[in-house]
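Shown next, in structure tokens, is the structure this report addresses.
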Amino acid sequence: MAGSSPGTSVKPPSLGGERSGAREACPSPCNRGCAPLECTFELPKSIRISVTRRWLEEMKIGRTDEVGNKKENSTLSNYNEGNKKIEYLEVIPIKDGDGDWGEGFKLSLSNFVRTISSSTQVEEVSIILDYASQEISRALVECMKTIPSLKSLHLEDIHSPGLSVSDAEAIFSAFGPHSTFQTGGVKFEYGVATKAATVKVLVDALLQNQVLRQFSLFYRGGDDTLDREKGVGHEGSVMRELNRYLQSPTNVLTKLDIVAVEDDEVIQLADTLGLNKKLQVLVIKRGDDFSNDRDIGVGRIGEALLTNTVLEELGYGGYARVGVEEMEALVGALVPDAASRLQPNTHLHTLRIYNNALRGREGMEQLATLLRSNTSLLHLDLSNLYTLRSKRENVFEYAEMLFTALRCNTSLKSLDLTGCYGIGGKDVLGMIMDMLLHNRSLKEIELRRTRLEEDGDAEVVYAELRGRDKTIDEEVEKVIQKMVRVPPNSARVFLCGNPKGGKTTLCQRWINIQPLGTSGSKGVVIDGQSKLSSHGRNKNRFSSFSPKRLINKFTKSAKATVLVPSSSDQERTRGIEVHKMVWADNMSINLWDMAGQEEYHTFHDMMLPNRSPNGDCCFYFIVCNPTEVVQNLKEEVRMEHLVQEISYWLVFIASNTRRSKSYLPHVTILMTHHDLWGGDKDKEKIFRHKLKEIIKGLRKKFELFLEFDKDKEFFEMDNTRVPYDDATELKQHVLQYLKKMSSDLPKILKASVDFQSTIMKWSGDSHKEPFVKWDDFSNSLSQEVMEFRSLKDVGIELLEKIKRHVAESLHNGGHIMYFEEIDVVILNPHWFCQNIIGHILYNCSELNDQGAIAANGIISRQDFKELVVDGDTMCGGHFEEILKIMTKLQICYEDKSGDEKSGNDNIMIPSLLDGNPIPTNWEDVFGSLPKANTYVGLRLKTADESITKLTQGFFPRLQVFLRNKFPTETYRLYSNMKAFKLFSKGISFIDEGAEIFILLDREDSINIISRCCGGGDSENRRVHKKIMGYVNDLRQTPTLGCPGVVFEEHIIFPSSLANALDANNLRYVSKKGLLEKVLRDGNLKYAPSWVDEQKKCRFVSAKELLGDEEWHDILQRREQKVMTIDRFLDSILPAENSTALAASIPSNSDQLVRIDSTKSLIIDKVHSLKRLMQHNHKEVMKRLDELENNIMGFQEKLTSRVCSNIDNLMECLLELNKSNIPKLPYLMESAKSGGKRILLKMVPGLKSYQLQFMCEHRDGFHYVENQPGCVVEIGDDQTRKFGIVMYWGLTISVMLLKVGAHVTAGMGSMVPDLTARFASVLDSPGLLDLGQPSRDILACLPEELKKEPRISVKDNEEAKALLVQILKKKCPSGDMQKLFKLTQMVYTSKSDNKGGLAWLCDEHRDKGEQDGSLRKR
């Protein structure tokens, strides 16, 4: 068979389940019922084939069960006896381009051969052979050789130990001298070592091949512990065989992936790599043991890279330690040489460093050097890097080194930090966001399974990157990197506060004291006198408007009135007044005076700046008038109102500012009207003292979000006295800060700075329009900015893009208002913010003394146009542009579903909605549906709700935003209603058959709830995912969102959604808490509860709440965790112990008993489920249940393994055994009404504790129910000793928690916060460093241990002696049964070849005596 040539007819073997002579149905999934030879079904271009095996029990069970692969047959021999094996093929189409899998179908081998033999377009085939018999494998390969159109063949999951030389020759003949395939690959099974003899056969075939152009290979080295236990020796010759091929001139190996290899094998490979001209991808993972041996091979790989000119991707990981010199050699090949300034290797574009390959400060310093200097790397993968994985004290420092270095990098496109759990916290989030200000090349950052993802902060980064993806043009970036940059020379100063605070007074004083010849947007400032501009830009500041059709109803004249500013109460600021001026050192200042009335706040948050890559300085004043507070100091409620006012604006600023660490918004608190406080010095002194203490508390609360004045809690200012010394002092204070900020921020384009003077001249000219067409703006840039004259060679189109980039920079700095989709540039922000928006909001709200002209947020298009023109007569010919800008800002939208007869369309302004209360049930919105519904609900709650929150304008903008994303005409399913509806705090629409309702509740949380007919859970969740993306995109948008807000996800119980839509009555559970329970605790059966309206307690499983896709991801993560623990146990426990344990457990038909077999089964189920999750396969639920049960079964085996080897894991406990006392002590808090709790912290001064012992049964330790225990008094000289006893108990508890045994051990109620307390221990590989308490556990121990945390043998001996002494006093007769309900028992030889002693509870004692496995000592 090995010499078969293409075109040879292959007769497939007769398989079980196929009856010879019987006419078969159509073998393909065409579902037309055609005869086999008449079927015209065509297989797709790319397919993936897996062999599935089923065992049919004849005469016994009468049902079909899937079992494991060949490796499990020996352990399941009793089960398989008398069963019949059926093998069939599952064919999965692979979609072109994206590599996604389509829905598969099943065929017998004979049907598959008939189907594929008639195919004319199959070009790529991958065959999974892990379940295939050798007969099936050979038949499939021979079949592939007969397909003329086939160009690529990949054979995967080949079980090398079970492959004979003849079988290998037959299978690998596909790549031999007669092969016609252009590309191919072989992947040996991951879990077992690959035999050298098998690789030799493959290499012999490849050396004779003259057709292959590309080939990939994956194999596993022979250093796996389990393989050593099985007698599979080290296969060093595998690398020698591989090098034989790599050194051949006909070598076409382009991808090599090897795991569990030794250092000498890596060195052998490195010797060949330097001159290799074919290998493009190399992935090396060292052994799975937790060794501290120095890894030299990576240094040799680095030396090879100095001469290699082909390798594009390098991955290096494992558990061996890479030395400093070796890392220097690798980095040295990828950074410019100090002498020549040339980078030796510029071909490598992808680097993957994971596991323990990079350790400590020295390793991170080398990585930082690489990132700062390298100019060729595009992708960096640090997934599961242990240095960044655990919550150590120095992880923060390492993260800072990483992200600081990335500020200087100009080539990297993607960064993968998956599994780096230490990446988390507000400071680290700020580091990433600050890094993105400087780094313009990064497009992707993967943060799965990090603390940032767990806390919801990762979505802030993702949303930022999505926004960058839409705005960053690589071609433009290359040009602007070469343009001149200078420190920012402009700033925005924002005056925030409630009405009558004194903001406008401060504004006017600064205008009056600014240098001669500068301008203000209300007019030209000459010699300190203001002249109002003549074209009515401010004429309606204090007037009301009524549309012409309503003049008779509201007023006798609609003529606008020009009023001169005075001090009356009517002179309240509308919208935002923007003043431009120049202060000292040519610093350009934009002063934004924001109206205090709440009706304007929906617009204010859109104007607050967000840090941009172009840099901008900003300064915030919170201006308050405390006169009434000082005069009525005894009335505490007035002080409370003042504090609420300050807190409101602090939250407002923090919520609307991009997260940062280095560039926090600066806030100064100003108390005005000091000259009107009353003159009572004592009252003023008391007031100042109280306010200072309050502001100190607020500063502490907001320290991660805002920056405050260091030396002064607040400033004071007079409002009537002259000269303006207070205003001058404040001006100097602002300038001092802005100068410092200007030097710290990223530099901006000089072209932007040069054009600012042109803008100021334009906006200060009363004869100029406040806006221009884009073409005029573009031409002005060319004329006024010298640098653009030197850019003519870049091409007209690219030059136009650069000009738009400059316009965006000026927009971000508050100098202009520019939107790419609109052909107008607003040169005077004051005109738009006050004359247009302020005028509209005033007249359409209750602020209008003649009554709001908008009814429930709706105003006719004609009335709206009259209103805009009334705000400024220049807008008459530009109404459409103004409307587009307002629509772009999501302030309003055009509703064309109005009265068709009148043809009068309406403008909807959602922020002015005051009607349409939210319905109380689904039927009021969507009508009644008789079919059963599936409900899904998600609540987005602000994570730091006392510091940040969604501002008033966000939800109205979300209403407009979602309306544009879900057009009504597309989803109007019911003719008698609109599919998209707005309510004052709600949105309803239909998408993909799901009825969606989005509600804003009293806590400003967004509730996304949906229902779908029938089994529509997957449809519901797809729609939820899409809406979540939209909400987060809008939240992170600099202008429209609240980028300072981070959402926490809460899952709403489906049953609470069925009867009502009232957001305030929905019941929910924290998604973060749910994941902690399942992932860290390993409690896959966790079911949170809630109480319904009838006061009944309901339980819902975590699996149901999370959905199939997320549950599969959780199972995969838990699988990885338990496998890591198992590898750790392999590395520290004697090999014979593991073998004896496996042999001692009897096999049965209901569960897989060998740990290695169970591991293979779990891994296979995880990967097979990936295929099924991509379409709605009917077996998904069944497979999830099987995988869940197998992982839980494996956790039980790990528990037994840990408990059986506790003496090896904690040698100190062995000494307790010798002393005839129980060896598993733990301490409890004193009994309280809430029940007993395990002691997590020794309280200073408390000397009395409760001593308890666990049952020591090998299948799993556990707390003994109703164990009395004994009270122990601790002297001052015994604190350290007893702290060590406490550490023993905590160590055992965490061990059980890591393997998921805490629930069965009875720890659920006794240690409810153990998971959160020891998160870093639970997320780290292995179990614990038993001689050195981890940081989390050390924090629980007494001070005596914290000072000297290393626990020596002598320490353990002294602690043991103390424990023995205590028990002798408490149990003088030696009877442990009375106090601890434990009996010392001996394991008989029937259950354990070694025997052994154990203190067991009554239940385990009685059961062991009955079955003969135990006897009393």
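Every chain in the structure tokens has a letter given in the order shown (A, B, ...), and although residue numbers restart at 1 in each chain, ligands are simply numbered from 1 in the order shown.
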I'd like the neighbourhood of Leu841 in chain A as a ChimeraX atom specification, where a residue qualifies if any of its atoms comes within 10 Å (using only C-alpha atoms), though same-chain residues fewer than 6 positions away should be ignored.
/A:574-575,599-600,602-603,834,847-848,852,854,909,911-912
Grab the residues selected above and save them as a PDB file, in the first residue's frame with N, CA and C atoms.
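Writing done, so here's result.pdb:
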ATOM      1  N   ARG A 574     -26.954  80.495  28.845  1.00  0.00           N
ATOM      2  CA  ARG A 574     -27.639  79.430  28.123  1.00  0.00           C
ATOM      3  C   ARG A 574     -26.607  78.566  27.414  1.00  0.00           C
ATOM      4  N   GLY A 575     -26.721  77.261  27.579  1.00  0.00           N
ATOM      5  CA  GLY A 575     -25.753  76.372  26.939  1.00  0.00           C
ATOM      6  C   GLY A 575     -24.379  76.573  27.528  1.00  0.00           C
ATOM      7  N   GLU A 599     -31.166  71.349  32.650  1.00  0.00           N
ATOM      8  CA  GLU A 599     -31.620  71.137  31.276  1.00  0.00           C
ATOM      9  C   GLU A 599     -30.461  71.211  30.285  1.00  0.00           C
ATOM     10  N   TYR A 600     -29.404  71.923  30.653  1.00  0.00           N
ATOM     11  CA  TYR A 600     -28.262  72.062  29.750  1.00  0.00           C
ATOM     12  C   TYR A 600     -27.204  70.973  29.976  1.00  0.00           C
ATOM     13  N   THR A 602     -27.318  67.865  29.708  1.00  0.00           N
ATOM     14  CA  THR A 602     -27.311  66.804  28.696  1.00  0.00           C
ATOM     15  C   THR A 602     -26.405  67.160  27.530  1.00  0.00           C
ATOM     16  N   PHE A 603     -26.108  68.420  27.377  1.00  0.00           N
ATOM     17  CA  PHE A 603     -25.200  68.875  26.316  1.00  0.00           C
ATOM     18  C   PHE A 603     -23.786  69.106  26.864  1.00  0.00           C
ATOM     19  N   GLN A 834     -23.889  78.258  22.338  1.00  0.00           N
ATOM     20  CA  GLN A 834     -24.878  79.125  22.978  1.00  0.00           C
ATOM     21  C   GLN A 834     -25.987  79.546  22.021  1.00  0.00           C
ATOM     22  N   LEU A 847     -37.598  75.746  30.827  1.00  0.00           N
ATOM     23  CA  LEU A 847     -36.938  77.012  31.138  1.00  0.00           C
ATOM     24  C   LEU A 847     -37.611  78.182  30.424  1.00  0.00           C
ATOM     25  N   ASN A 848     -38.241  77.890  29.298  1.00  0.00           N
ATOM     26  CA  ASN A 848     -38.928  78.928  28.509  1.00  0.00           C
ATOM     27  C   ASN A 848     -40.114  79.465  29.315  1.00  0.00           C
ATOM     28  N   ALA A 852     -42.615  75.353  26.956  1.00  0.00           N
ATOM     29  CA  ALA A 852     -41.781  74.622  25.998  1.00  0.00           C
ATOM     30  C   ALA A 852     -42.521  74.456  24.678  1.00  0.00           C
ATOM     31  N   ALA A 854     -41.594  72.245  22.437  1.00  0.00           N
ATOM     32  CA  ALA A 854     -41.512  70.838  22.056  1.00  0.00           C
ATOM     33  C   ALA A 854     -42.423  70.036  22.973  1.00  0.00           C
ATOM     34  N   ILE A 909     -36.135  65.041  19.984  1.00  0.00           N
ATOM     35  CA  ILE A 909     -35.031  65.329  20.898  1.00  0.00           C
ATOM     36  C   ILE A 909     -35.261  64.501  22.166  1.00  0.00           C
ATOM     37  N   SER A 911     -33.719  63.858  24.872  1.00  0.00           N
ATOM     38  CA  SER A 911     -33.404  64.400  26.199  1.00  0.00           C
ATOM     39  C   SER A 911     -34.559  65.213  26.772  1.00  0.00           C
ATOM     40  N   LEU A 912     -35.522  65.597  25.923  1.00  0.00           N
ATOM     41  CA  LEU A 912     -36.667  66.390  26.380  1.00  0.00           C
ATOM     42  C   LEU A 912     -37.921  65.544  26.555  1.00  0.00           C
TER      43      LEU A 912
END
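Counting only C-alpha atoms, the residue from A:Arg1035, A:Lys1121, A:Lys865, A:Lys700 that sits nearest to Gly953 in chain A is A:Arg1035.
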Out of range 994-1112 of chain A, which residues get strand (DSSP E) from DSSP, as an MDAnalysis selection string?
chainID A and resid 994:1000 1006:1013 1047:1052 1068:1070 1089:1091 1097:1099
Could you name the residues that touch Arg389 in chain A at 6 Å or less, counting only C-alpha atoms, but leaving out those on the same chain fewer than 3 positions away, as a PyMOL selection string?
chain A and resi 385-386+420-422
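Note that CA of Arg213 in chain A and CA of Arg48 in chain A are 21.1 Å apart.
Residue neighbourhood of Leu642 in chain A, excluding near-sequence residues (fewer than 5 positions): A:Cys624, A:Asn625, A:Pro626, A:Val629, A:Val637, A:Ser647, at 9 Å, using only C-alpha atoms.
If you look at CA of Leu591 in chain A and CA of Met717 in chain A, they are 18.0 Å away from each other.
Note that CA of Ser441 in chain A and CA of Glu474 in chain A are 7.9 Å apart.
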Within 10 Å of Val238 in chain A, counting only C-alpha atoms, which residues show up once you throw out same-chain ones fewer than 2 positions away? Write them as a VMD selection string, please.
chain A and resid 194 to 200 219 to 222 234 to 236 240 to 244 265
Print the selection's residues with all heavy atoms to a file, as a short mmCIF file (atom, residue, chain, number, x, y, z; two decimals), in the first residue's frame.
data_model
loop_
_atom_site.label_atom_id
_atom_site.label_comp_id
_atom_site.auth_asym_id
_atom_site.auth_seq_id
_atom_site.Cartn_x
_atom_site.Cartn_y
_atom_site.Cartn_z
N THR A 194 6.19 11.46 20.79
CA THR A 194 6.26 10.97 19.41
C THR A 194 7.47 10.06 19.26
O THR A 194 8.57 10.37 19.70
CB THR A 194 6.36 12.16 18.43
OG1 THR A 194 5.27 13.04 18.65
CG2 THR A 194 6.35 11.67 17.00
N LYS A 195 7.27 8.90 18.61
CA LYS A 195 8.35 7.92 18.43
C LYS A 195 9.29 8.35 17.32
O LYS A 195 8.87 8.84 16.27
CB LYS A 195 7.76 6.55 18.10
CG LYS A 195 7.00 5.91 19.26
CD LYS A 195 6.21 4.69 18.81
CE LYS A 195 7.10 3.67 18.12
NZ LYS A 195 6.31 2.49 17.70
N ALA A 196 10.59 8.13 17.54
CA ALA A 196 11.58 8.48 16.54
C ALA A 196 11.41 7.65 15.28
O ALA A 196 11.60 8.14 14.16
CB ALA A 196 12.98 8.31 17.11
N ALA A 197 11.01 6.39 15.46
CA ALA A 197 10.84 5.52 14.30
C ALA A 197 9.74 6.04 13.39
O ALA A 197 9.84 5.97 12.15
CB ALA A 197 10.51 4.10 14.76
N THR A 198 8.68 6.60 13.97
CA THR A 198 7.59 7.15 13.16
C THR A 198 8.05 8.38 12.40
O THR A 198 7.75 8.56 11.21
CB THR A 198 6.41 7.53 14.07
OG1 THR A 198 6.05 6.41 14.88
CG2 THR A 198 5.21 7.94 13.24
N VAL A 199 8.81 9.24 13.07
CA VAL A 199 9.33 10.44 12.41
C VAL A 199 10.31 10.06 11.30
O VAL A 199 10.34 10.70 10.24
CB VAL A 199 10.01 11.37 13.43
CG1 VAL A 199 10.63 12.58 12.76
CG2 VAL A 199 8.99 11.81 14.48
N LYS A 200 11.07 9.01 11.51
CA LYS A 200 12.01 8.56 10.47
C LYS A 200 11.27 8.16 9.20
O LYS A 200 11.68 8.51 8.08
CB LYS A 200 12.83 7.38 10.98
CG LYS A 200 13.86 6.84 9.99
CD LYS A 200 14.63 5.69 10.56
CE LYS A 200 15.73 5.24 9.59
NZ LYS A 200 15.21 4.87 8.26
N TYR A 219 5.11 17.82 16.84
CA TYR A 219 5.36 16.59 17.58
C TYR A 219 5.66 16.92 19.03
O TYR A 219 5.96 18.06 19.38
CB TYR A 219 6.49 15.77 16.95
CG TYR A 219 7.88 16.25 17.27
CD1 TYR A 219 8.54 15.83 18.42
CD2 TYR A 219 8.57 17.10 16.40
CE1 TYR A 219 9.82 16.25 18.72
CE2 TYR A 219 9.85 17.53 16.68
CZ TYR A 219 10.48 17.10 17.84
OH TYR A 219 11.75 17.52 18.14
N ARG A 220 5.59 15.89 19.87
CA ARG A 220 5.87 16.04 21.30
C ARG A 220 7.13 15.29 21.64
O ARG A 220 7.32 14.14 21.23
CB ARG A 220 4.71 15.50 22.13
CG ARG A 220 4.90 15.68 23.64
CD ARG A 220 3.75 15.09 24.43
NE ARG A 220 3.90 15.37 25.84
CZ ARG A 220 3.43 16.44 26.46
NH1 ARG A 220 2.72 17.32 25.78
NH2 ARG A 220 3.62 16.64 27.74
N GLY A 221 8.00 15.95 22.41
CA GLY A 221 9.22 15.30 22.86
C GLY A 221 8.95 14.21 23.87
O GLY A 221 7.80 14.00 24.31
N GLY A 222 9.98 13.53 24.30
CA GLY A 222 9.80 12.37 25.16
C GLY A 222 10.00 12.62 26.63
O GLY A 222 10.19 11.68 27.38
N HIS A 234 13.19 8.62 26.67
CA HIS A 234 13.50 9.90 26.02
C HIS A 234 13.85 9.65 24.56
O HIS A 234 14.71 8.85 24.24
CB HIS A 234 14.64 10.58 26.75
CG HIS A 234 15.14 11.79 26.04
ND1 HIS A 234 14.34 12.85 25.76
CD2 HIS A 234 16.37 12.08 25.53
CE1 HIS A 234 15.04 13.78 25.13
NE2 HIS A 234 16.27 13.32 24.97
N GLU A 235 13.18 10.34 23.65
CA GLU A 235 13.38 10.14 22.22
C GLU A 235 14.22 11.28 21.65
O GLU A 235 13.78 12.06 20.83
CB GLU A 235 12.02 10.07 21.51
CG GLU A 235 11.13 8.92 21.97
CD GLU A 235 11.59 7.58 21.44
OE1 GLU A 235 12.58 7.54 20.69
OE2 GLU A 235 10.98 6.56 21.77
N GLY A 236 15.46 11.40 22.05
CA GLY A 236 16.31 12.45 21.53
C GLY A 236 16.55 12.30 20.04
O GLY A 236 16.87 13.26 19.35
N ARG A 240 17.23 14.45 15.81
CA ARG A 240 18.25 14.10 14.82
C ARG A 240 17.62 13.77 13.49
O ARG A 240 18.11 14.17 12.43
CB ARG A 240 19.09 12.93 15.34
CG ARG A 240 20.01 13.31 16.50
CD ARG A 240 21.12 12.28 16.68
NE ARG A 240 20.58 10.98 17.10
CZ ARG A 240 20.40 10.65 18.37
NH1 ARG A 240 20.69 11.53 19.33
NH2 ARG A 240 19.93 9.47 18.69
N GLU A 241 16.49 13.03 13.53
CA GLU A 241 15.79 12.73 12.28
C GLU A 241 15.26 13.99 11.63
O GLU A 241 15.32 14.17 10.41
CB GLU A 241 14.62 11.76 12.56
CG GLU A 241 15.02 10.38 12.96
CD GLU A 241 15.74 9.63 11.83
OE1 GLU A 241 15.55 10.01 10.65
OE2 GLU A 241 16.49 8.69 12.12
N LEU A 242 14.75 14.88 12.45
CA LEU A 242 14.21 16.13 11.92
C LEU A 242 15.32 16.98 11.30
O LEU A 242 15.14 17.56 10.21
CB LEU A 242 13.53 16.91 13.04
CG LEU A 242 12.85 18.23 12.66
CD1 LEU A 242 11.78 18.01 11.61
CD2 LEU A 242 12.25 18.90 13.88
N ASN A 243 16.48 17.05 11.97
CA ASN A 243 17.60 17.82 11.42
C ASN A 243 18.10 17.21 10.11
O ASN A 243 18.58 17.94 9.23
CB ASN A 243 18.73 17.88 12.43
CG ASN A 243 18.58 19.05 13.39
OD1 ASN A 243 17.99 20.07 13.04
ND2 ASN A 243 19.10 18.92 14.60
N ARG A 244 17.98 15.92 9.98
CA ARG A 244 18.35 15.27 8.72
C ARG A 244 17.54 15.84 7.56
O ARG A 244 18.07 16.04 6.46
CB ARG A 244 18.13 13.76 8.85
CG ARG A 244 18.56 12.94 7.65
CD ARG A 244 18.66 11.47 8.00
NE ARG A 244 17.39 10.90 8.41
CZ ARG A 244 16.57 10.26 7.55
NH1 ARG A 244 16.87 10.14 6.28
NH2 ARG A 244 15.43 9.74 8.00
N GLU A 265 17.89 19.27 22.73
CA GLU A 265 17.20 19.20 21.45
C GLU A 265 17.05 20.59 20.83
O GLU A 265 17.18 20.77 19.62
CB GLU A 265 15.83 18.56 21.63
CG GLU A 265 15.87 17.11 22.07
CD GLU A 265 14.47 16.55 22.28
OE1 GLU A 265 13.87 16.08 21.30
OE2 GLU A 265 14.00 16.61 23.42
#
Nearest to Val476 in chain A, restricted to only C-alpha atoms and choosing among A:Gly795, A:Leu43, A:Leu256, A:Leu377, comes out as A:Gly795
As a PyMOL selection string, please: every residue in range 563-693 of chain A that DSSP puts in alpha helix (DSSP H).
chain A and resi 601-607+627-631+636-655+681-693
For Gln959 in chain A, find every residue with an atom within 9 Å (counting only C-alpha atoms), except residues of its own chain fewer than 3 positions away, and show them as a count of residues only.
11
Could you pull the residues within 8 Å of range 818-833 of chain A, counting only C-alpha atoms, minus those fewer than 2 positions along the same chain, as number ranges by chain?
A: 521, 537-538, 575-579, 759, 762-763, 770-774, 777, 804, 807-808, 811, 814-816, 835-838, 881, 884-885, 888
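Among the candidates A:Val960, A:Leu664, A:Val925, A:Val643, the residue lying nearest to Glu693 in chain A is A:Val643 (atoms considered: only C-alpha atoms).
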Taking only residues of range 1050-1114 of chain A that have an atom at most 10 Å from an atom of range 444-454 of chain A, what is each one's shortest atom pair and its distance in Å to one decimal, using only C-alpha atoms, in chain and number order, as CSV?
residue,atom,partner,partner_atom,distance
A:Lys1071,CA,A:Glu454,CA,9.0
A:Lys1072,CA,A:Glu454,CA,6.2
A:Gly1073,CA,A:Glu454,CA,9.4
A:Leu1075,CA,A:Glu454,CA,8.6
A:Glu1076,CA,A:Glu454,CA,9.2
